[in-house]
Amino acid sequence: MKTVEMESREATIALGEKIGRQLTAGDVLVLDGDLGAGKTTFTKGLAQGLDISEIVKSPTFTIVHEYHDGRLPLYHMDAYRLENGGGDDLGLEEYFDSDGVSVVEWAQFVEDELPADFMAIHFKRTGDDNKRFLEFEPHGAHFEQLVASVVE
């Protein structure tokens, strides 16, 4: 695992953009952390790296937001409302096996649906409102290489 410190919202977006430029079709990223930890901010950067011009918003109430105007589609999912089950009925594996990039927040509620290879990113807040620690946990050679090439 690799941990990086983000000093600001802008730094979090910039790292997300850098990673987004390296993502390929079928990539799945799992983001976890407290509310307000920076998951959606990071996803905004990913969208920029995928050349998506639409405004990225948290999918809390819709479960999935789809963005199709970039280099690859982005499927931004929030599984928090699936705490009591129901993820298997949504067909999430169709997103994971698609031509786009899937970002899943609160993935512990749909763990059985995740592919074998994915990147987990753990967001940890500090006492400073602007500072965050991001811990990268790659699952699979593709994501190990991604972390090695992008996260310094």
# chains A, B, ... in the order shown; residues from 1 in each chain; ligands from 1

call {"tool": "select_by_dssp", "arguments": {"residues": "region 1-149 of chain A", "states": "alpha helix (DSSP H)", "output": "number ranges by chain"}}
result
A: 9-20, 39-49, 92-96, 141-149

call {"tool": "residues_around", "arguments": {"residues": "Glu54 (chain A)", "least_positions_apart": "4", "cutoff": "9 Å", "atoms": "only C-alpha atoms", "output": "PyMOL selection string"}}
result
chain A and resi 47+67-70

call {"tool": "select_by_dssp", "arguments": {"residues": "chain A", "states": "strand (DSSP E)", "output": "ChimeraX atom specification"}}
result
/A:2-6,28-32,64-67,74-78,101-105,118-125,132-139

call {"tool": "closest_residue", "arguments": {"among": "A:Lys2, A:Lys18, A:Lys57, A:Lys39", "to": "Phe123 (chain A)", "atoms": "only C-alpha atoms"}}
result
A:Lys39

call {"tool": "closest_residue", "arguments": {"among": "A:Met77, A:Ser53, A:Asp27, A:Leu46", "to": "Glu105 (chain A)", "atoms": "only C-alpha atoms"}}
result
A:Met77

call {"tool": "closest_residue", "arguments": {"among": "A:Ala14, A:Thr43, A:Asp128, A:Asp117", "to": "Leu31 (chain A)", "atoms": "only C-alpha atoms"}}
result
A:Thr43

call {"tool": "residues_around", "arguments": {"residues": "Ala141 (chain A)", "least_positions_apart": "6", "cutoff": "12 Å", "atoms": "only C-alpha atoms", "output": "VMD selection string"}}
result
chain A and resid 116 to 119 147 to 148

call {"tool": "atom_distance", "arguments": {"atom1": "CA of Glu135 (chain A)", "atom2": "CA of Val110 (chain A)"}}
result
20.4 Å

call {"tool": "closest_residue", "arguments": {"among": "A:Leu92, A:Leu72, A:Val4, A:Val104", "to": "Ser58 (chain A)", "atoms": "only C-alpha atoms"}}
result
A:Val104

call {"tool": "closest_residue", "arguments": {"among": "A:Val28, A:Gln48, A:Glu94, A:Ser149", "to": "Ala107 (chain A)", "atoms": "only C-alpha atoms"}}
result
A:Val28

call {"tool": "closest_residue", "arguments": {"among": "A:Val30, A:Ile55, A:Met6, A:Leu15", "to": "Asp78 (chain A)", "atoms": "only C-alpha atoms"}}
result
A:Val30

call {"tool": "residues_around", "arguments": {"residues": "Gly45 (chain A)", "least_positions_apart": "6", "cutoff": "6 Å", "atoms": "only C-alpha atoms", "output": "ChimeraX atom specification"}}
result
/A:13-14,16-17

call {"tool": "residues_around", "arguments": {"residues": "Phe133 (chain A)", "least_positions_apart": "2", "cutoff": "10 Å", "atoms": "only C-alpha atoms", "output": "PyMOL selection string"}}
result
chain A and resi 3-7+12+37-38+121-126+131+135-136

call {"tool": "residues_around", "arguments": {"residues": "Ala25 (chain A)", "least_positions_apart": "6", "cutoff": "7 Å", "atoms": "only C-alpha atoms", "output": "list in words"}}
result
Leu72, Ser98, Asp99, Gly100 and Val101 of chain A

call {"tool": "write_last_selection", "arguments": {"atoms": "C-alpha atoms", "output": "CSV table (one decimal), in the first residue's frame"}}
result
chain,number,residue,atom,x,y,z
A,72,LEU,CA,-14.3,6.8,-21.6
A,98,SER,CA,-18.3,-2.3,-19.7
A,99,ASP,CA,-16.4,0.1,-21.9
A,100,GLY,CA,-16.1,2.6,-19.0
A,101,VAL,CA,-14.5,3.3,-15.7

call {"tool": "atom_distance", "arguments": {"atom1": "CA of Pro73 (chain A)", "atom2": "CA of Phe42 (chain A)"}}
result
16.4 Å

call {"tool": "residues_around", "arguments": {"residues": "Glu66 (chain A)", "least_positions_apart": "6", "cutoff": "7 Å", "atoms": "only C-alpha atoms", "output": "compact mmCIF listing (two decimals) with N, CA, C and O atoms, in the first residue's frame"}}
result
# COMPACT_ATOMS: atom_id res chain seq x y z
N LEU A 74 -17.78 7.33 -17.52
CA LEU A 74 -17.54 7.22 -16.08
C LEU A 74 -18.85 6.84 -15.41
O LEU A 74 -19.87 7.49 -15.64
N TYR A 75 -18.80 5.78 -14.60
CA TYR A 75 -19.96 5.34 -13.85
C TYR A 75 -19.64 5.54 -12.37
O TYR A 75 -18.83 4.81 -11.80
N HIS A 76 -20.23 6.56 -11.78
CA HIS A 76 -19.96 6.94 -10.39
C HIS A 76 -21.09 6.41 -9.53
O HIS A 76 -22.24 6.83 -9.67
